[in-house]
file work20.cif (mmCIF, C-alpha atoms)
data_my_file
loop_
_atom_site.group_PDB
_atom_site.id
_atom_site.type_symbol
_atom_site.label_atom_id
_atom_site.label_comp_id
_atom_site.auth_asym_id
_atom_site.auth_seq_id
_atom_site.Cartn_x
_atom_site.Cartn_y
_atom_site.Cartn_z
ATOM 1 C CA MET A 5 -12.864 3.351 -17.378
ATOM 2 C CA SER A 6 -16.535 2.943 -16.525
ATOM 3 C CA ASP A 7 -17.570 1.291 -13.271
ATOM 4 C CA THR A 8 -21.320 1.089 -13.910
ATOM 5 C CA HIS A 9 -21.090 -2.713 -14.152
ATOM 6 C CA LEU A 10 -20.007 -2.788 -10.466
ATOM 7 C CA ARG A 11 -22.483 -0.335 -8.927
ATOM 8 C CA GLU A 12 -25.244 -1.297 -6.519
ATOM 9 C CA THR A 13 -28.344 0.887 -6.098
ATOM 10 C CA ARG A 14 -30.541 1.336 -3.039
ATOM 11 C CA HIS A 15 -34.012 -0.173 -3.319
ATOM 12 C CA SER A 16 -35.153 0.493 0.263
ATOM 13 C CA SER A 17 -33.675 1.487 3.613
ATOM 14 C CA GLN A 18 -34.435 0.639 7.245
ATOM 15 C CA GLU A 19 -32.990 2.417 10.270
ATOM 16 C CA LEU A 20 -31.650 -0.102 12.791
ATOM 17 C CA PHE A 21 -30.151 2.122 15.478
ATOM 18 C CA LYS A 22 -29.624 5.808 16.160
ATOM 19 C CA GLY A 23 -27.223 6.617 18.962
ATOM 20 C CA LYS A 24 -25.393 9.702 20.130
ATOM 21 C CA PHE A 25 -22.507 8.966 17.770
ATOM 22 C CA LEU A 26 -23.430 6.172 15.316
ATOM 23 C CA HIS A 27 -26.403 5.588 13.036
ATOM 24 C CA ALA A 28 -26.965 2.077 11.600
ATOM 25 C CA PHE A 29 -29.036 1.035 8.591
ATOM 26 C CA ARG A 30 -29.988 -2.072 6.635
ATOM 27 C CA ASP A 31 -30.615 -1.313 2.963
ATOM 28 C CA GLU A 32 -32.008 -3.577 0.298
ATOM 29 C CA VAL A 33 -29.910 -3.042 -2.823
ATOM 30 C CA VAL A 34 -30.095 -4.050 -6.454
ATOM 31 C CA LEU A 35 -26.897 -5.771 -7.605
ATOM 32 C CA PRO A 36 -25.432 -5.200 -11.076
ATOM 33 C CA ASP A 37 -27.087 -8.449 -12.262
ATOM 34 C CA GLY A 38 -30.530 -7.282 -11.051
ATOM 35 C CA GLN A 39 -30.674 -9.519 -7.960
ATOM 36 C CA LEU A 40 -31.637 -8.090 -4.552
ATOM 37 C CA THR A 41 -29.523 -8.384 -1.412
ATOM 38 C CA SER A 42 -29.069 -6.490 1.847
ATOM 39 C CA ARG A 43 -26.252 -4.261 3.121
ATOM 40 C CA GLU A 44 -25.851 -3.248 6.766
ATOM 41 C CA TYR A 45 -23.720 -0.220 7.481
ATOM 42 C CA VAL A 46 -22.990 2.536 9.971
ATOM 43 C CA VAL A 47 -23.131 6.227 9.086
ATOM 44 C CA HIS A 48 -20.185 8.042 10.662
ATOM 45 C CA PRO A 49 -19.555 11.832 10.707
ATOM 46 C CA GLY A 50 -15.896 11.514 9.669
ATOM 47 C CA ALA A 51 -12.726 12.056 11.631
ATOM 48 C CA VAL A 52 -9.168 13.324 11.519
ATOM 49 C CA MET A 53 -5.815 11.867 12.506
ATOM 50 C CA VAL A 54 -2.824 14.082 13.254
ATOM 51 C CA ILE A 55 0.807 13.003 12.817
ATOM 52 C CA PRO A 56 2.590 15.484 15.117
ATOM 53 C CA MET A 57 6.336 15.614 14.557
ATOM 54 C CA ASP A 58 9.052 17.727 16.079
ATOM 55 C CA VAL A 59 12.834 17.809 16.108
ATOM 56 C CA ASP A 60 14.668 17.372 19.424
ATOM 57 C CA ALA A 61 17.993 18.911 20.509
ATOM 58 C CA GLN A 62 19.932 16.169 18.678
ATOM 59 C CA ALA A 63 18.057 16.923 15.413
ATOM 60 C CA CYS A 64 16.081 13.664 15.701
ATOM 61 C CA VAL A 65 12.425 13.534 14.690
ATOM 62 C CA GLN A 66 10.114 12.898 17.642
ATOM 63 C CA LEU A 67 6.470 11.876 17.201
ATOM 64 C CA VAL A 68 3.689 12.641 19.648
ATOM 65 C CA LEU A 69 1.619 9.521 20.318
ATOM 66 C CA GLU A 70 -1.071 8.396 22.727
ATOM 67 C CA ARG A 71 -1.970 5.326 24.738
ATOM 68 C CA GLN A 72 -5.704 4.917 25.211
ATOM 69 C CA PHE A 73 -7.985 2.093 26.364
ATOM 70 C CA ARG A 74 -10.408 1.156 23.590
ATOM 71 C CA TYR A 75 -13.441 -0.564 25.056
ATOM 72 C CA PRO A 76 -14.634 -2.515 21.953
ATOM 73 C CA VAL A 77 -11.295 -4.384 21.698
ATOM 74 C CA GLY A 78 -10.641 -4.377 25.444
ATOM 75 C CA GLN A 79 -7.066 -3.128 25.335
ATOM 76 C CA VAL A 80 -4.824 -0.097 25.514
ATOM 77 C CA MET A 81 -3.840 0.993 22.015
ATOM 78 C CA VAL A 82 -0.930 3.112 20.773
ATOM 79 C CA GLU A 83 -2.296 5.717 18.377
ATOM 80 C CA PHE A 84 -1.726 9.045 16.718
ATOM 81 C CA PRO A 85 -4.045 11.768 18.070
ATOM 82 C CA ALA A 86 -7.426 11.576 16.351
ATOM 83 C CA GLY A 87 -11.077 12.391 16.761
ATOM 84 C CA LYS A 88 -14.403 12.859 15.062
ATOM 85 C CA ILE A 89 -15.364 15.948 13.133
ATOM 86 C CA ASP A 90 -18.140 17.916 14.835
ATOM 87 C CA ALA A 91 -21.152 19.168 12.851
ATOM 88 C CA GLY A 92 -20.173 22.244 10.838
ATOM 89 C CA GLU A 93 -16.462 21.821 11.619
ATOM 90 C CA THR A 94 -13.793 21.609 8.915
ATOM 91 C CA GLY A 95 -11.219 18.825 8.965
ATOM 92 C CA PHE A 96 -8.452 21.356 9.593
ATOM 93 C CA ALA A 97 -10.273 22.935 12.545
ATOM 94 C CA CYS A 98 -10.903 19.461 13.949
ATOM 95 C CA ALA A 99 -7.226 18.509 13.554
ATOM 96 C CA GLN A 100 -6.122 21.619 15.438
ATOM 97 C CA ARG A 101 -8.724 21.078 18.153
ATOM 98 C CA GLU A 102 -7.992 17.378 18.646
ATOM 99 C CA LEU A 103 -4.218 17.902 18.799
ATOM 100 C CA PHE A 104 -4.633 20.533 21.505
ATOM 101 C CA GLU A 105 -7.406 18.821 23.486
ATOM 102 C CA GLU A 106 -5.735 15.416 23.578
ATOM 103 C CA THR A 107 -2.055 16.343 23.839
ATOM 104 C CA GLY A 108 -1.830 20.006 24.828
ATOM 105 C CA TYR A 109 0.304 20.718 21.752
ATOM 106 C CA ARG A 110 -0.299 23.452 19.204
ATOM 107 C CA ALA A 111 1.471 23.469 15.835
ATOM 108 C CA SER A 112 2.683 26.349 13.688
ATOM 109 C CA GLN A 113 2.778 24.347 10.433
ATOM 110 C CA TRP A 114 0.187 21.991 8.991
ATOM 111 C CA ALA A 115 -0.123 19.819 5.887
ATOM 112 C CA ARG A 116 -3.117 17.778 4.758
ATOM 113 C CA ALA A 117 -1.775 14.483 3.463
ATOM 114 C CA GLY A 118 -5.012 12.910 2.239
ATOM 115 C CA VAL A 119 -7.966 10.828 3.303
ATOM 116 C CA MET A 120 -8.550 7.176 4.080
ATOM 117 C CA HIS A 121 -11.632 4.985 4.482
ATOM 118 C CA PRO A 122 -10.776 2.546 7.321
ATOM 119 C CA VAL A 123 -13.798 0.202 7.247
ATOM 120 C CA ILE A 124 -15.330 0.336 3.757
ATOM 121 C CA ALA A 125 -17.333 -2.883 4.143
ATOM 122 C CA TYR A 126 -19.649 -1.519 6.842
ATOM 123 C CA SER A 127 -19.153 2.201 7.486
ATOM 124 C CA THR A 128 -19.187 5.565 5.749
ATOM 125 C CA GLU A 129 -16.300 6.686 7.979
ATOM 126 C CA PHE A 130 -13.471 8.659 6.430
ATOM 127 C CA ILE A 131 -10.373 9.973 8.206
ATOM 128 C CA GLU A 132 -8.474 13.024 7.005
ATOM 129 C CA VAL A 133 -4.724 12.597 7.564
ATOM 130 C CA TRP A 134 -2.907 15.721 8.787
ATOM 131 C CA PHE A 135 0.747 16.346 9.590
ATOM 132 C CA ALA A 136 1.719 18.958 12.179
ATOM 133 C CA ARG A 137 5.127 20.374 13.076
ATOM 134 C CA GLY A 138 6.564 23.368 14.893
ATOM 135 C CA LEU A 139 5.014 22.012 18.074
ATOM 136 C CA MET A 140 4.502 24.095 21.208
ATOM 137 C CA ALA A 141 3.688 22.152 24.376
ATOM 138 C CA GLY A 142 0.856 23.008 26.735
ATOM 139 C CA ALA A 143 -1.632 21.320 29.024
ATOM 140 C CA PRO A 144 -4.215 19.056 27.375
ATOM 141 C CA ALA A 145 -7.946 19.816 27.665
ATOM 142 C CA LEU A 146 -9.380 16.299 27.605
ATOM 143 C CA ASP A 147 -13.087 15.733 27.119
ATOM 144 C CA LYS A 148 -15.007 14.602 30.192
ATOM 145 C CA GLY A 149 -14.556 10.840 30.522
ATOM 146 C CA GLU A 150 -11.448 10.772 28.280
ATOM 147 C CA PHE A 151 -8.286 9.233 29.741
ATOM 148 C CA LEU A 152 -5.025 8.811 27.843
ATOM 149 C CA ASP A 153 -1.249 8.976 28.142
ATOM 150 C CA VAL A 154 0.728 11.235 25.810
ATOM 151 C CA PHE A 155 4.323 10.276 24.989
ATOM 152 C CA THR A 156 6.974 10.727 22.313
ATOM 153 C CA ALA A 157 8.781 8.179 20.190
ATOM 154 C CA THR A 158 11.051 8.184 17.175
ATOM 155 C CA PRO A 159 9.769 7.127 13.759
ATOM 156 C CA GLN A 160 12.047 4.075 13.984
ATOM 157 C CA GLU A 161 10.433 3.040 17.283
ATOM 158 C CA LEU A 162 6.947 3.451 15.844
ATOM 159 C CA LEU A 163 7.792 1.415 12.744
ATOM 160 C CA GLN A 164 9.279 -1.340 14.924
ATOM 161 C CA TRP A 165 6.088 -1.448 17.023
ATOM 162 C CA CYS A 166 4.034 -1.676 13.813
ATOM 163 C CA ARG A 167 6.175 -4.565 12.574
ATOM 164 C CA ASP A 168 6.074 -6.360 15.934
ATOM 165 C CA GLY A 169 2.297 -6.067 16.294
ATOM 166 C CA ARG A 170 2.358 -3.676 19.250
ATOM 167 C CA VAL A 171 0.576 -1.091 17.068
ATOM 168 C CA THR A 172 -2.499 -2.601 15.427
ATOM 169 C CA ASP A 173 -4.739 0.461 15.102
ATOM 170 C CA ALA A 174 -5.483 0.770 11.371
ATOM 171 C CA LYS A 175 -5.281 4.560 11.165
ATOM 172 C CA THR A 176 -1.944 4.610 12.991
ATOM 173 C CA LEU A 177 -0.568 1.892 10.703
ATOM 174 C CA VAL A 178 -1.598 3.992 7.690
ATOM 175 C CA GLY A 179 -0.084 7.063 9.370
ATOM 176 C CA ALA A 180 3.198 5.177 9.846
ATOM 177 C CA LEU A 181 3.232 4.292 6.130
ATOM 178 C CA TRP A 182 2.600 7.929 5.210
ATOM 179 C CA LEU A 183 5.267 9.107 7.660
ATOM 180 C CA GLN A 184 7.832 6.636 6.339
ATOM 181 C CA ASN A 185 7.310 7.857 2.770
ATOM 182 C CA VAL A 186 7.375 11.547 3.743
ATOM 183 C CA LEU A 187 10.600 11.144 5.729
ATOM 184 C CA ALA A 188 12.175 9.170 2.853
ATOM 185 C CA GLY A 189 11.287 11.986 0.427
ATOM 186 C CA ALA A 190 9.087 9.712 -1.682
ATOM 187 C CA TRP A 191 5.889 11.637 -0.837
ATOM 188 C CA THR A 192 5.782 15.412 -0.503
ATOM 189 C CA LEU A 193 3.531 17.597 1.625
ATOM 190 C CA ASP A 194 2.306 21.146 1.034
ATOM 191 C CA TRP A 195 3.088 22.767 4.395
ATOM 192 C CA GLN A 196 1.141 25.844 5.458
ATOM 193 C CA THR A 197 2.386 28.144 8.219
ATOM 194 C CA LEU A 198 -0.229 29.577 10.553
ATOM 195 C CA PRO A 199 -0.250 33.366 10.906
#
call {"tool": "encode", "arguments": {"input": "work20.cif", "output": "structure tokens"}}
result
Amino acid sequence: MSDTHLRETRHSSQELFKGKFLHAFRDEVVLPDGQLTSREYVVHPGAVMVIPMDVDAQACVQLVLERQFRYPVGQVMVEFPAGKIDAGETGFACAQRELFEETGYRASQWARAGVMHPVIAYSTEFIEVWFARGLMAGAPALDKGEFLDVFTATPQELLQWCRDGRVTDAKTLVGALWLQNVLAGAWTLDWQTLP
């Protein structure tokens, strides 16, 4: 099916802001009916989210989660480990790095689940979704100025917090959906073991 009747094309572009992390633009675009309008958006380098899971002594799945204050919304959020992809870095390398830096864990098995676009109306951001298992604990190596709590919870606890509104972070909500389907056997993952 063709989508040419829905496409908008850039007519002109104006840089609004260039920061250390974000880059904002206002473009004038031609709509499918030939009319002109403007679109404001933020260019983002992309990110990863890791769903770290392990099995405890009672054969119950345990998830590694974080609590972190998020300044724009002014509250502590429950999230899966995540972070932006550095220039020249692959999504997999970023997932490994972020899991270790933020939680201290390393994983022996990894699976790329897919990608999501969390804010399509105003950002180019994409987030690669990774699962990790075979976890080995260690000390985190947080970035300067980064403060967070690392804790574990069961999938059932996480899903309850999503339902009750305790978890409102979009990427973590999507991660919970992915996790629920993987654990139910509805969605499969292609696990790779690290050498």
call {"tool": "residues_around", "arguments": {"input": "work20.cif", "residues": "stretch 135-147 of chain A", "least_positions_apart": "6", "cutoff": "7 Å", "atoms": "only C-alpha atoms", "output": "ChimeraX atom specification"}}
result
/A:54-58,104-117
call {"tool": "closest_residue", "arguments": {"input": "work20.cif", "among": "A:His48, A:Val34, A:Phe29, A:Arg43", "to": "A:Thr128", "atoms": "only C-alpha atoms"}}
result
A:His48
call {"tool": "residues_around", "arguments": {"input": "work20.cif", "residues": "A:Thr172", "least_positions_apart": "5", "cutoff": "8 Å", "atoms": "only C-alpha atoms", "output": "PyMOL selection string"}}
result
chain A and resi 81-82+166+177
call {"tool": "resolve_selection", "arguments": {"input": "work20.cif", "expression": "the PyMOL selection byres ((chain A and resi 20-28) around 9)", "output": "ChimeraX atom specification"}}
result
/A:18-19,29-30,44-49,127
call {"tool": "atom_distance", "arguments": {"input": "work20.cif", "atom1": "atom CA of A:Leu162", "atom2": "atom CA of A:Thr176"}}
result
9.4 Å
call {"tool": "closest_residue", "arguments": {"input": "work20.cif", "among": "A:Gln100, A:Gln62, A:Gln184, A:Gln160", "to": "A:Leu198", "atoms": "all atoms listed in the file"}}
result
A:Gln100
call {"tool": "residues_around", "arguments": {"input": "work20.cif", "residues": "A:Leu40", "least_positions_apart": "3", "cutoff": "12 Å", "atoms": "only C-alpha atoms", "output": "JSON, numbers by chain"}}
result
{"A": [12, 13, 14, 15, 16, 31, 32, 33, 34, 35, 36, 37, 43]}
call {"tool": "closest_residue", "arguments": {"input": "work20.cif", "among": "A:Val123, A:Gly50, A:Arg71, A:Glu129", "to": "A:Asp90", "atoms": "only C-alpha atoms"}}
result
A:Gly50
call {"tool": "atom_distance", "arguments": {"input": "work20.cif", "atom1": "atom CA of A:Cys98", "atom2": "atom CA of A:Gln79"}}
result
25.6 Å
call {"tool": "resolve_selection", "arguments": {"input": "work20.cif", "expression": "the PyMOL selection byres ((chain A and resi 192) around 12)", "output": "list in words"}}
result
Ala115, Arg116, Ala117, Gly118, Phe135, Trp182, Leu183, Gln184, Asn185, Val186, Leu187, Ala188, Gly189, Ala190, Trp191, Leu193, Asp194 and Trp195 of chain A
call {"tool": "write_last_selection", "arguments": {"input": "work20.cif", "atoms": "C-alpha atoms", "output": "PDB file, in the coordinates of the input"}}
result
ATOM      1  CA  ALA A 115      -0.123  19.819   5.887  1.00  0.00           C
ATOM      2  CA  ARG A 116      -3.117  17.778   4.758  1.00  0.00           C
ATOM      3  CA  ALA A 117      -1.775  14.483   3.463  1.00  0.00           C
ATOM      4  CA  GLY A 118      -5.012  12.910   2.239  1.00  0.00           C
ATOM      5  CA  PHE A 135       0.747  16.346   9.590  1.00  0.00           C
ATOM      6  CA  TRP A 182       2.600   7.929   5.210  1.00  0.00           C
ATOM      7  CA  LEU A 183       5.267   9.107   7.660  1.00  0.00           C
ATOM      8  CA  GLN A 184       7.832   6.636   6.339  1.00  0.00           C
ATOM      9  CA  ASN A 185       7.310   7.857   2.770  1.00  0.00           C
ATOM     10  CA  VAL A 186       7.375  11.547   3.743  1.00  0.00           C
ATOM     11  CA  LEU A 187      10.600  11.144   5.729  1.00  0.00           C
ATOM     12  CA  ALA A 188      12.175   9.170   2.853  1.00  0.00           C
ATOM     13  CA  GLY A 189      11.287  11.986   0.427  1.00  0.00           C
ATOM     14  CA  ALA A 190       9.087   9.712  -1.682  1.00  0.00           C
ATOM     15  CA  TRP A 191       5.889  11.637  -0.837  1.00  0.00           C
ATOM     16  CA  LEU A 193       3.531  17.597   1.625  1.00  0.00           C
ATOM     17  CA  ASP A 194       2.306  21.146   1.034  1.00  0.00           C
ATOM     18  CA  TRP A 195       3.088  22.767   4.395  1.00  0.00           C
TER      19      TRP A 195
END
call {"tool": "atom_distance", "arguments": {"input": "work20.cif", "atom1": "atom CA of A:Pro159", "atom2": "atom CA of A:Ala180"}}
result
7.9 Å
call {"tool": "decode", "arguments": {"input": "work20.cif", "residues": "stretch 18-53 of chain A", "atoms": "C-alpha atoms", "output": "PDB file, in the first residue's frame"}}
result
ATOM      1  CA  GLN A  18      15.527  26.763  11.030  1.00  0.00           C
ATOM      2  CA  GLU A  19      17.684  25.734  13.978  1.00  0.00           C
ATOM      3  CA  LEU A  20      16.074  26.813  17.256  1.00  0.00           C
ATOM      4  CA  PHE A  21      18.450  25.401  19.858  1.00  0.00           C
ATOM      5  CA  LYS A  22      21.617  23.333  20.001  1.00  0.00           C
ATOM      6  CA  GLY A  23      22.516  21.968  23.407  1.00  0.00           C
ATOM      7  CA  LYS A  24      24.889  19.341  24.711  1.00  0.00           C
ATOM      8  CA  PHE A  25      22.260  16.637  24.240  1.00  0.00           C
ATOM      9  CA  LEU A  26      19.284  17.964  22.225  1.00  0.00           C
ATOM     10  CA  HIS A  27      18.994  19.842  18.943  1.00  0.00           C
ATOM     11  CA  ALA A  28      15.687  21.594  18.107  1.00  0.00           C
ATOM     12  CA  PHE A  29      14.388  22.746  14.729  1.00  0.00           C
ATOM     13  CA  ARG A  30      11.357  24.424  13.183  1.00  0.00           C
ATOM     14  CA  ASP A  31      10.768  23.291   9.602  1.00  0.00           C
ATOM     15  CA  GLU A  32       8.328  24.648   7.077  1.00  0.00           C
ATOM     16  CA  VAL A  33       6.757  21.661   5.334  1.00  0.00           C
ATOM     17  CA  VAL A  34       4.537  21.094   2.336  1.00  0.00           C
ATOM     18  CA  LEU A  35       1.447  19.056   3.233  1.00  0.00           C
ATOM     19  CA  PRO A  36       0.003  16.432   0.877  1.00  0.00           C
ATOM     20  CA  ASP A  37      -2.580  18.999  -0.327  1.00  0.00           C
ATOM     21  CA  GLY A  38       0.161  21.535  -1.188  1.00  0.00           C
ATOM     22  CA  GLN A  39      -0.434  23.835   1.801  1.00  0.00           C
ATOM     23  CA  LEU A  40       2.476  25.019   3.970  1.00  0.00           C
ATOM     24  CA  THR A  41       2.691  24.559   7.734  1.00  0.00           C
ATOM     25  CA  SER A  42       5.407  24.334  10.377  1.00  0.00           C
ATOM     26  CA  ARG A  43       6.735  21.399  12.414  1.00  0.00           C
ATOM     27  CA  GLU A  44       8.884  21.798  15.528  1.00  0.00           C
ATOM     28  CA  TYR A  45      10.917  18.808  16.604  1.00  0.00           C
ATOM     29  CA  VAL A  46      13.947  17.666  18.563  1.00  0.00           C
ATOM     30  CA  VAL A  47      16.744  15.594  17.044  1.00  0.00           C
ATOM     31  CA  HIS A  48      17.798  12.871  19.480  1.00  0.00           C
ATOM     32  CA  PRO A  49      20.762  10.453  19.110  1.00  0.00           C
ATOM     33  CA  GLY A  50      18.723   7.371  20.063  1.00  0.00           C
ATOM     34  CA  ALA A  51      18.777   5.251  23.177  1.00  0.00           C
ATOM     35  CA  VAL A  52      18.474   1.752  24.573  1.00  0.00           C
ATOM     36  CA  MET A  53      16.397   0.178  27.320  1.00  0.00           C
TER      37      MET A  53
END
